[in-house]
file my_file33.cif (mmCIF, C-alpha atoms)
data_coords
loop_
_atom_site.group_PDB
_atom_site.id
_atom_site.type_symbol
_atom_site.label_atom_id
_atom_site.label_comp_id
_atom_site.auth_asym_id
_atom_site.auth_seq_id
_atom_site.Cartn_x
_atom_site.Cartn_y
_atom_site.Cartn_z
ATOM 1 C CA MET A 1 -10.672 -51.335 56.178
ATOM 2 C CA GLN A 2 -12.178 -48.529 58.240
ATOM 3 C CA GLY A 3 -9.423 -45.987 57.591
ATOM 4 C CA ILE A 4 -5.970 -45.203 58.878
ATOM 5 C CA HIS A 5 -5.070 -42.867 61.724
ATOM 6 C CA PRO A 6 -2.997 -40.075 60.098
ATOM 7 C CA LYS A 7 -0.423 -39.863 62.933
ATOM 8 C CA THR A 8 -0.024 -43.429 64.140
ATOM 9 C CA GLY A 9 -0.810 -45.321 60.949
ATOM 10 C CA ASP A 10 -3.051 -47.661 62.942
ATOM 11 C CA GLU A 11 -6.285 -48.918 61.479
ATOM 12 C CA LEU A 12 -9.280 -46.987 62.813
ATOM 13 C CA PRO A 13 -11.928 -48.893 64.752
ATOM 14 C CA GLU A 14 -15.129 -49.745 62.921
ATOM 15 C CA ASP A 15 -17.189 -47.432 65.142
ATOM 16 C CA SER A 16 -14.936 -44.414 64.436
ATOM 17 C CA VAL A 17 -16.747 -41.186 63.558
ATOM 18 C CA VAL A 18 -14.983 -41.032 60.181
ATOM 19 C CA ASN A 19 -16.844 -44.153 59.145
ATOM 20 C CA GLU A 20 -20.229 -42.420 59.431
ATOM 21 C CA ILE A 21 -21.700 -41.671 56.023
ATOM 22 C CA GLU A 22 -22.570 -38.058 56.936
ATOM 23 C CA VAL A 23 -18.985 -37.370 57.981
ATOM 24 C CA SER A 24 -17.656 -39.017 54.839
ATOM 25 C CA ARG A 25 -19.996 -36.926 52.661
ATOM 26 C CA ALA A 26 -19.035 -33.751 54.534
ATOM 27 C CA MET A 27 -15.335 -34.448 53.988
ATOM 28 C CA ALA A 28 -15.893 -35.173 50.291
ATOM 29 C CA THR A 29 -17.881 -31.935 49.956
ATOM 30 C CA ALA A 30 -15.105 -29.994 51.690
ATOM 31 C CA VAL A 31 -12.442 -31.470 49.406
ATOM 32 C CA LEU A 32 -14.542 -30.612 46.348
ATOM 33 C CA ALA A 33 -15.033 -27.027 47.578
ATOM 34 C CA LEU A 34 -11.293 -26.638 48.160
ATOM 35 C CA ASP A 35 -10.534 -28.010 44.683
ATOM 36 C CA GLN A 36 -13.025 -25.605 43.097
ATOM 37 C CA MET A 37 -11.600 -22.656 45.023
ATOM 38 C CA SER A 38 -8.087 -23.604 43.974
ATOM 39 C CA ALA A 39 -9.149 -23.857 40.315
ATOM 40 C CA ARG A 40 -10.893 -20.464 40.542
ATOM 41 C CA LEU A 41 -7.767 -18.862 42.008
ATOM 42 C CA ALA A 42 -5.606 -20.432 39.290
ATOM 43 C CA ARG A 43 -7.905 -19.061 36.558
ATOM 44 C CA ARG A 44 -7.954 -15.634 38.237
ATOM 45 C CA ALA A 45 -4.145 -15.572 38.339
ATOM 46 C CA GLN A 46 -4.087 -15.939 34.548
ATOM 47 C CA LEU A 47 -6.307 -12.894 33.960
ATOM 48 C CA PRO A 48 -4.886 -9.465 33.153
ATOM 49 C CA GLU A 49 -4.174 -7.180 36.119
ATOM 50 C CA SER A 50 -7.000 -4.690 35.551
ATOM 51 C CA VAL A 51 -9.863 -7.182 35.208
ATOM 52 C CA GLY A 52 -12.873 -5.866 37.100
ATOM 53 C CA LYS A 53 -11.389 -2.443 37.834
ATOM 54 C CA ALA A 54 -13.386 0.683 37.022
ATOM 55 C CA TRP A 55 -12.437 2.648 33.914
ATOM 56 C CA THR A 56 -10.995 6.108 34.528
ATOM 57 C CA ALA A 57 -11.549 9.060 32.185
ATOM 58 C CA GLU A 58 -7.820 9.029 31.426
ATOM 59 C CA GLU A 59 -7.862 5.345 30.496
ATOM 60 C CA GLU A 60 -10.885 5.858 28.263
ATOM 61 C CA GLN A 61 -9.082 8.702 26.494
ATOM 62 C CA ARG A 62 -6.026 6.492 25.938
ATOM 63 C CA LEU A 63 -8.355 3.795 24.591
ATOM 64 C CA ARG A 64 -9.913 6.268 22.144
ATOM 65 C CA SER A 65 -6.475 7.383 20.963
ATOM 66 C CA GLU A 66 -5.122 3.872 20.525
ATOM 67 C CA PHE A 67 -8.248 2.726 18.710
ATOM 68 C CA SER A 68 -8.245 5.728 16.378
ATOM 69 C CA ALA A 69 -4.552 5.004 15.663
ATOM 70 C CA HIS A 70 -5.683 1.554 14.405
ATOM 71 C CA ARG A 71 -3.912 -0.438 17.125
ATOM 72 C CA SER A 72 -5.076 -4.056 17.291
ATOM 73 C CA ILE A 73 -7.558 -4.927 20.008
ATOM 74 C CA ALA A 74 -5.091 -7.479 21.409
ATOM 75 C CA THR A 75 -2.368 -4.824 21.669
ATOM 76 C CA ILE A 76 -4.725 -2.366 23.336
ATOM 77 C CA ALA A 77 -5.908 -5.053 25.777
ATOM 78 C CA ALA A 78 -2.336 -5.918 26.743
ATOM 79 C CA LYS A 79 -1.422 -2.258 27.292
ATOM 80 C CA HIS A 80 -4.473 -1.698 29.485
ATOM 81 C CA GLY A 81 -4.154 -4.969 31.400
ATOM 82 C CA ARG A 82 -7.668 -5.963 30.342
ATOM 83 C CA THR A 83 -9.254 -8.719 28.291
ATOM 84 C CA VAL A 84 -10.079 -8.358 24.605
ATOM 85 C CA ARG A 85 -13.760 -8.648 25.507
ATOM 86 C CA ALA A 86 -13.443 -5.807 28.032
ATOM 87 C CA ILE A 87 -11.815 -3.546 25.430
ATOM 88 C CA GLU A 88 -14.517 -4.345 22.893
ATOM 89 C CA ALA A 89 -17.277 -3.751 25.441
ATOM 90 C CA ARG A 90 -15.821 -0.345 26.382
ATOM 91 C CA LEU A 91 -15.411 0.614 22.721
ATOM 92 C CA GLU A 92 -19.068 -0.286 22.173
ATOM 93 C CA LYS A 93 -20.084 1.805 25.178
ATOM 94 C CA LEU A 94 -18.095 4.728 23.775
ATOM 95 C CA GLY A 95 -19.840 4.317 20.406
ATOM 96 C CA LEU A 96 -16.626 3.420 18.610
ATOM 97 C CA LEU A 97 -17.444 -0.202 17.854
ATOM 98 C CA GLN A 98 -20.613 -1.967 16.763
ATOM 99 C CA PRO A 99 -21.495 -5.430 18.148
ATOM 100 C CA ASP A 100 -20.996 -7.015 14.714
ATOM 101 C CA GLN A 101 -17.427 -5.677 14.655
ATOM 102 C CA ARG A 102 -16.328 -7.684 17.701
ATOM 103 C CA ILE A 103 -13.344 -9.922 17.061
ATOM 104 C CA ALA A 104 -13.047 -11.647 20.467
ATOM 105 C CA SER A 105 -12.784 -15.052 18.814
ATOM 106 C CA ASP A 106 -9.685 -13.808 16.918
ATOM 107 C CA PRO A 107 -8.053 -11.112 19.094
ATOM 108 C CA SER A 108 -5.166 -10.531 16.683
ATOM 109 C CA ALA A 109 -7.568 -9.540 13.913
ATOM 110 C CA ILE A 110 -7.824 -5.936 12.877
ATOM 111 C CA VAL A 111 -11.185 -4.319 13.495
ATOM 112 C CA ARG A 112 -12.989 -3.197 10.355
ATOM 113 C CA ARG A 113 -14.062 0.365 11.017
ATOM 114 C CA PRO A 114 -16.767 2.118 8.957
ATOM 115 C CA GLU A 115 -14.177 4.483 7.469
ATOM 116 C CA ASP A 116 -12.129 1.474 6.242
ATOM 117 C CA LYS A 117 -14.925 0.460 3.843
ATOM 118 C CA LYS A 118 -14.397 3.477 1.587
#

call {"tool": "encode", "arguments": {"input": "my_file33.cif", "output": "structure tokens"}}
result
Amino acid sequence: MQGIHPKTGDELPEDSVVNEIEVSRAMATAVLALDQMSARLARRAQLPESVGKAWTAEEEQRLRSEFSAHRSIATIAAKHGRTVRAIEARLEKLGLLQPDQRIASDPSAIVRRPEDKK
């Protein structure tokens, strides 16, 4: 079978352009690209609303306050519309969290702060 005409349902002739290997490869590549784009958009739709947005001074101040009030990283992330990793990275940048204190693998965990060890 050489393919079916999408409108008429008739079998395509053997010398039809769609039977050329380059055309077939191009169509397969296009379908793959569309599938990948669709998957990327689906993943993006699952991310929090503020992913990739710049941090404002006001948001950083709220982050400092929430962190000093011992809110969980997961709670802070949800309130800010950011990922747990983004919250941890910003806390590190602000000098409030050390890399070994990251809890991204268990976002509901409570961060152990230096003052908690007393």

call {"tool": "closest_residue", "arguments": {"input": "my_file33.cif", "among": "A:Gln36, A:Gln101, A:Gln46, A:Thr8", "to": "Arg85 in chain A", "atoms": "only C-alpha atoms"}}
result
A:Gln101

call {"tool": "closest_residue", "arguments": {"input": "my_file33.cif", "among": "A:Arg64, A:His70, A:Arg43, A:His5", "to": "Glu92 in chain A", "atoms": "all atoms listed in the file"}}
result
A:Arg64

call {"tool": "closest_residue", "arguments": {"input": "my_file33.cif", "among": "A:Glu60, A:Arg102, A:Pro48, A:Ala54", "to": "Ser72 in chain A", "atoms": "only C-alpha atoms"}}
result
A:Arg102

call {"tool": "resolve_selection", "arguments": {"input": "my_file33.cif", "expression": "the PyMOL selection byres ((chain A and resi 81) around 7)", "output": "PyMOL selection string"}}
result
chain A and resi 48-50+77-80+82

call {"tool": "resolve_selection", "arguments": {"input": "my_file33.cif", "expression": "the PyMOL selection byres ((chain A and resi 96) around 12)", "output": "number ranges by chain"}}
result
A: 60, 63-68, 70, 87-95, 97-102, 111-115

call {"tool": "write_last_selection", "arguments": {"input": "my_file33.cif", "atoms": "C-alpha atoms", "output": "short mmCIF file (atom, residue, chain, number, x, y, z; two decimals), in the coordinates of the input"}}
result
data_model
loop_
_atom_site.label_atom_id
_atom_site.label_comp_id
_atom_site.auth_asym_id
_atom_site.auth_seq_id
_atom_site.Cartn_x
_atom_site.Cartn_y
_atom_site.Cartn_z
CA GLU A 60 -10.88 5.86 28.26
CA LEU A 63 -8.36 3.80 24.59
CA ARG A 64 -9.91 6.27 22.14
CA SER A 65 -6.48 7.38 20.96
CA GLU A 66 -5.12 3.87 20.52
CA PHE A 67 -8.25 2.73 18.71
CA SER A 68 -8.24 5.73 16.38
CA HIS A 70 -5.68 1.55 14.40
CA ILE A 87 -11.82 -3.55 25.43
CA GLU A 88 -14.52 -4.34 22.89
CA ALA A 89 -17.28 -3.75 25.44
CA ARG A 90 -15.82 -0.34 26.38
CA LEU A 91 -15.41 0.61 22.72
CA GLU A 92 -19.07 -0.29 22.17
CA LYS A 93 -20.08 1.80 25.18
CA LEU A 94 -18.10 4.73 23.78
CA GLY A 95 -19.84 4.32 20.41
CA LEU A 97 -17.44 -0.20 17.85
CA GLN A 98 -20.61 -1.97 16.76
CA PRO A 99 -21.50 -5.43 18.15
CA ASP A 100 -21.00 -7.02 14.71
CA GLN A 101 -17.43 -5.68 14.66
CA ARG A 102 -16.33 -7.68 17.70
CA VAL A 111 -11.18 -4.32 13.50
CA ARG A 112 -12.99 -3.20 10.36
CA ARG A 113 -14.06 0.36 11.02
CA PRO A 114 -16.77 2.12 8.96
CA GLU A 115 -14.18 4.48 7.47
#

call {"tool": "atom_distance", "arguments": {"input": "my_file33.cif", "atom1": "CA of Glu20 in chain A", "atom2": "CA of Gly3 in chain A"}}
result
11.5 Å

call {"tool": "axis_aligned_box", "arguments": {"input": "my_file33.cif", "around": "range 1-11 of chain A", "padding_each_side": "3 Å", "output": "AutoDock Vina command-line options"}}
result
--center_x -6.1 --center_y -45.6 --center_z 60.2 --size_x 18.2 --size_y 17.5 --size_z 14.0

call {"tool": "atom_distance", "arguments": {"input": "my_file33.cif", "atom1": "CA of Arg62 in chain A", "atom2": "CA of Ile76 in chain A"}}
result
9.3 Å

call {"tool": "atom_distance", "arguments": {"input": "my_file33.cif", "atom1": "CA of Ser24 in chain A", "atom2": "CA of Pro6 in chain A"}}
result
15.6 Å

call {"tool": "decode", "arguments": {"input": "my_file33.cif", "residues": "chain A", "atoms": "C-alpha atoms", "output": "PDB file, in the first residue's frame"}}
result
ATOM      1  CA  MET A   1       0.000   0.000   0.000  1.00  0.00           C
ATOM      2  CA  GLN A   2       1.327   3.426  -0.951  1.00  0.00           C
ATOM      3  CA  GLY A   3      -0.929   5.423   1.372  1.00  0.00           C
ATOM      4  CA  ILE A   4      -4.471   6.708   1.422  1.00  0.00           C
ATOM      5  CA  HIS A   5      -5.700  10.066   0.167  1.00  0.00           C
ATOM      6  CA  PRO A   6      -7.057  11.853   3.282  1.00  0.00           C
ATOM      7  CA  LYS A   7     -10.141  13.309   1.528  1.00  0.00           C
ATOM      8  CA  THR A   8     -11.177  10.651  -0.960  1.00  0.00           C
ATOM      9  CA  GLY A   9      -9.936   7.536   0.812  1.00  0.00           C
ATOM     10  CA  ASP A  10      -8.446   6.317  -2.468  1.00  0.00           C
ATOM     11  CA  GLU A  11      -5.131   4.532  -2.515  1.00  0.00           C
ATOM     12  CA  LEU A  12      -2.299   6.845  -3.567  1.00  0.00           C
ATOM     13  CA  PRO A  13      -0.355   5.989  -6.712  1.00  0.00           C
ATOM     14  CA  GLU A  14       3.052   4.404  -6.257  1.00  0.00           C
ATOM     15  CA  ASP A  15       4.828   7.456  -7.692  1.00  0.00           C
ATOM     16  CA  SER A  16       3.123   9.855  -5.236  1.00  0.00           C
ATOM     17  CA  VAL A  17       5.423  12.352  -3.521  1.00  0.00           C
ATOM     18  CA  VAL A  18       4.453  10.997  -0.091  1.00  0.00           C
ATOM     19  CA  ASN A  19       6.140   7.734  -0.981  1.00  0.00           C
ATOM     20  CA  GLU A  20       9.553   9.405  -1.300  1.00  0.00           C
ATOM     21  CA  ILE A  21      11.795   8.559   1.632  1.00  0.00           C
ATOM     22  CA  GLU A  22      12.839  12.199   2.182  1.00  0.00           C
ATOM     23  CA  VAL A  23       9.211  13.290   2.433  1.00  0.00           C
ATOM     24  CA  SER A  24       8.415  10.424   4.778  1.00  0.00           C
ATOM     25  CA  ARG A  25      11.383  11.324   7.008  1.00  0.00           C
ATOM     26  CA  ALA A  26      10.396  15.003   6.976  1.00  0.00           C
ATOM     27  CA  MET A  27       6.846  14.147   8.044  1.00  0.00           C
ATOM     28  CA  ALA A  28       8.102  11.855  10.814  1.00  0.00           C
ATOM     29  CA  THR A  29      10.458  14.602  12.018  1.00  0.00           C
ATOM     30  CA  ALA A  30       7.604  17.119  12.013  1.00  0.00           C
ATOM     31  CA  VAL A  31       5.349  14.791  14.008  1.00  0.00           C
ATOM     32  CA  LEU A  32       8.138  14.197  16.532  1.00  0.00           C
ATOM     33  CA  ALA A  33       8.743  17.954  16.885  1.00  0.00           C
ATOM     34  CA  LEU A  34       5.031  18.571  17.447  1.00  0.00           C
ATOM     35  CA  ASP A  35       4.890  15.802  20.065  1.00  0.00           C
ATOM     36  CA  GLN A  36       7.912  17.246  21.879  1.00  0.00           C
ATOM     37  CA  MET A  37       6.439  20.748  21.815  1.00  0.00           C
ATOM     38  CA  SER A  38       3.150  19.443  23.167  1.00  0.00           C
ATOM     39  CA  ALA A  39       4.940  17.589  25.985  1.00  0.00           C
ATOM     40  CA  ARG A  40       6.955  20.725  26.826  1.00  0.00           C
ATOM     41  CA  LEU A  41       3.782  22.821  26.994  1.00  0.00           C
ATOM     42  CA  ALA A  42       2.097  20.214  29.204  1.00  0.00           C
ATOM     43  CA  ARG A  43       5.064  20.224  31.617  1.00  0.00           C
ATOM     44  CA  ARG A  44       5.127  24.039  31.617  1.00  0.00           C
ATOM     45  CA  ALA A  45       1.416  24.151  32.474  1.00  0.00           C
ATOM     46  CA  GLN A  46       2.133  22.140  35.629  1.00  0.00           C
ATOM     47  CA  LEU A  47       4.748  24.602  36.914  1.00  0.00           C
ATOM     48  CA  PRO A  48       3.917  27.320  39.433  1.00  0.00           C
ATOM     49  CA  GLU A  49       2.840  30.687  38.008  1.00  0.00           C
ATOM     50  CA  SER A  50       5.977  32.657  38.891  1.00  0.00           C
ATOM     51  CA  VAL A  51       8.556  30.264  37.427  1.00  0.00           C
ATOM     52  CA  GLY A  52      11.215  32.273  35.621  1.00  0.00           C
ATOM     53  CA  LYS A  53       9.992  35.671  36.812  1.00  0.00           C
ATOM     54  CA  ALA A  54      12.448  38.106  38.382  1.00  0.00           C
ATOM     55  CA  TRP A  55      12.409  38.491  42.160  1.00  0.00           C
ATOM     56  CA  THR A  56      11.257  41.868  43.462  1.00  0.00           C
ATOM     57  CA  ALA A  57      12.621  43.472  46.636  1.00  0.00           C
ATOM     58  CA  GLU A  58       9.161  43.119  48.183  1.00  0.00           C
ATOM     59  CA  GLU A  59       8.999  39.405  47.396  1.00  0.00           C
ATOM     60  CA  GLU A  60      12.468  38.864  48.831  1.00  0.00           C
ATOM     61  CA  GLN A  61      11.409  40.633  52.028  1.00  0.00           C
ATOM     62  CA  ARG A  62       8.321  38.415  52.298  1.00  0.00           C
ATOM     63  CA  LEU A  63      10.575  35.393  51.749  1.00  0.00           C
ATOM     64  CA  ARG A  64      12.884  36.519  54.566  1.00  0.00           C
ATOM     65  CA  SER A  65       9.923  37.004  56.902  1.00  0.00           C
ATOM     66  CA  GLU A  66       8.319  33.667  56.099  1.00  0.00           C
ATOM     67  CA  PHE A  67      11.618  31.825  56.431  1.00  0.00           C
ATOM     68  CA  SER A  68      12.444  33.481  59.752  1.00  0.00           C
ATOM     69  CA  ALA A  69       8.934  32.526  60.953  1.00  0.00           C
ATOM     70  CA  HIS A  70       9.924  28.873  60.291  1.00  0.00           C
ATOM     71  CA  ARG A  71       7.403  28.299  57.495  1.00  0.00           C
ATOM     72  CA  SER A  72       8.101  25.128  55.513  1.00  0.00           C
ATOM     73  CA  ILE A  73       9.830  25.546  52.177  1.00  0.00           C
ATOM     74  CA  ALA A  74       6.856  23.888  50.455  1.00  0.00           C
ATOM     75  CA  THR A  75       4.448  26.391  52.028  1.00  0.00           C
ATOM     76  CA  ILE A  76       6.647  29.326  51.066  1.00  0.00           C
ATOM     77  CA  ALA A  77       6.976  27.997  47.502  1.00  0.00           C
ATOM     78  CA  ALA A  78       3.208  27.662  47.151  1.00  0.00           C
ATOM     79  CA  LYS A  79       2.604  31.188  48.467  1.00  0.00           C
ATOM     80  CA  HIS A  80       5.155  32.655  46.064  1.00  0.00           C
ATOM     81  CA  GLY A  81       4.076  30.574  43.068  1.00  0.00           C
ATOM     82  CA  ARG A  82       7.605  29.203  42.715  1.00  0.00           C
ATOM     83  CA  THR A  83       9.282  25.819  42.931  1.00  0.00           C
ATOM     84  CA  VAL A  84      10.913  24.504  46.094  1.00  0.00           C
ATOM     85  CA  ARG A  85      14.261  24.634  44.297  1.00  0.00           C
ATOM     86  CA  ALA A  86      13.722  28.301  43.400  1.00  0.00           C
ATOM     87  CA  ILE A  87      12.949  29.177  47.027  1.00  0.00           C
ATOM     88  CA  GLU A  88      16.028  27.327  48.240  1.00  0.00           C
ATOM     89  CA  ALA A  89      18.225  28.982  45.613  1.00  0.00           C
ATOM     90  CA  ARG A  90      16.983  32.456  46.610  1.00  0.00           C
ATOM     91  CA  LEU A  91      17.476  31.692  50.306  1.00  0.00           C
ATOM     92  CA  GLU A  92      21.044  30.632  49.515  1.00  0.00           C
ATOM     93  CA  LYS A  93      21.614  33.835  47.555  1.00  0.00           C
ATOM     94  CA  LEU A  94      20.305  35.838  50.512  1.00  0.00           C
ATOM     95  CA  GLY A  95      22.678  33.969  52.846  1.00  0.00           C
ATOM     96  CA  LEU A  96      19.846  32.378  54.797  1.00  0.00           C
ATOM     97  CA  LEU A  97      20.405  28.795  53.700  1.00  0.00           C
ATOM     98  CA  GLN A  98      23.521  26.719  53.126  1.00  0.00           C
ATOM     99  CA  PRO A  99      23.700  24.228  50.219  1.00  0.00           C
ATOM    100  CA  ASP A 100      23.781  21.285  52.646  1.00  0.00           C
ATOM    101  CA  GLN A 101      20.475  22.469  54.133  1.00  0.00           C
ATOM    102  CA  ARG A 102      18.535  22.025  50.885  1.00  0.00           C
ATOM    103  CA  ILE A 103      15.531  19.744  51.198  1.00  0.00           C
ATOM    104  CA  ALA A 104      14.322  19.711  47.564  1.00  0.00           C
ATOM    105  CA  SER A 105      14.050  15.927  47.602  1.00  0.00           C
ATOM    106  CA  ASP A 106      11.585  16.209  50.533  1.00  0.00           C
ATOM    107  CA  PRO A 107       9.829  19.596  50.193  1.00  0.00           C
ATOM    108  CA  SER A 108       7.609  19.056  53.237  1.00  0.00           C
ATOM    109  CA  ALA A 109      10.644  18.707  55.494  1.00  0.00           C
ATOM    110  CA  ILE A 110      11.509  21.476  57.883  1.00  0.00           C
ATOM    111  CA  VAL A 111      14.815  23.189  57.231  1.00  0.00           C
ATOM    112  CA  ARG A 112      17.363  22.796  60.011  1.00  0.00           C
ATOM    113  CA  ARG A 113      18.653  26.279  60.708  1.00  0.00           C
ATOM    114  CA  PRO A 114      21.912  26.927  62.602  1.00  0.00           C
ATOM    115  CA  GLU A 115      19.978  28.394  65.537  1.00  0.00           C
ATOM    116  CA  ASP A 116      17.924  25.159  65.805  1.00  0.00           C
ATOM    117  CA  LYS A 117      21.042  23.178  66.782  1.00  0.00           C
ATOM    118  CA  LYS A 118      21.344  24.882  70.169  1.00  0.00           C
TER     119      LYS A 118
END
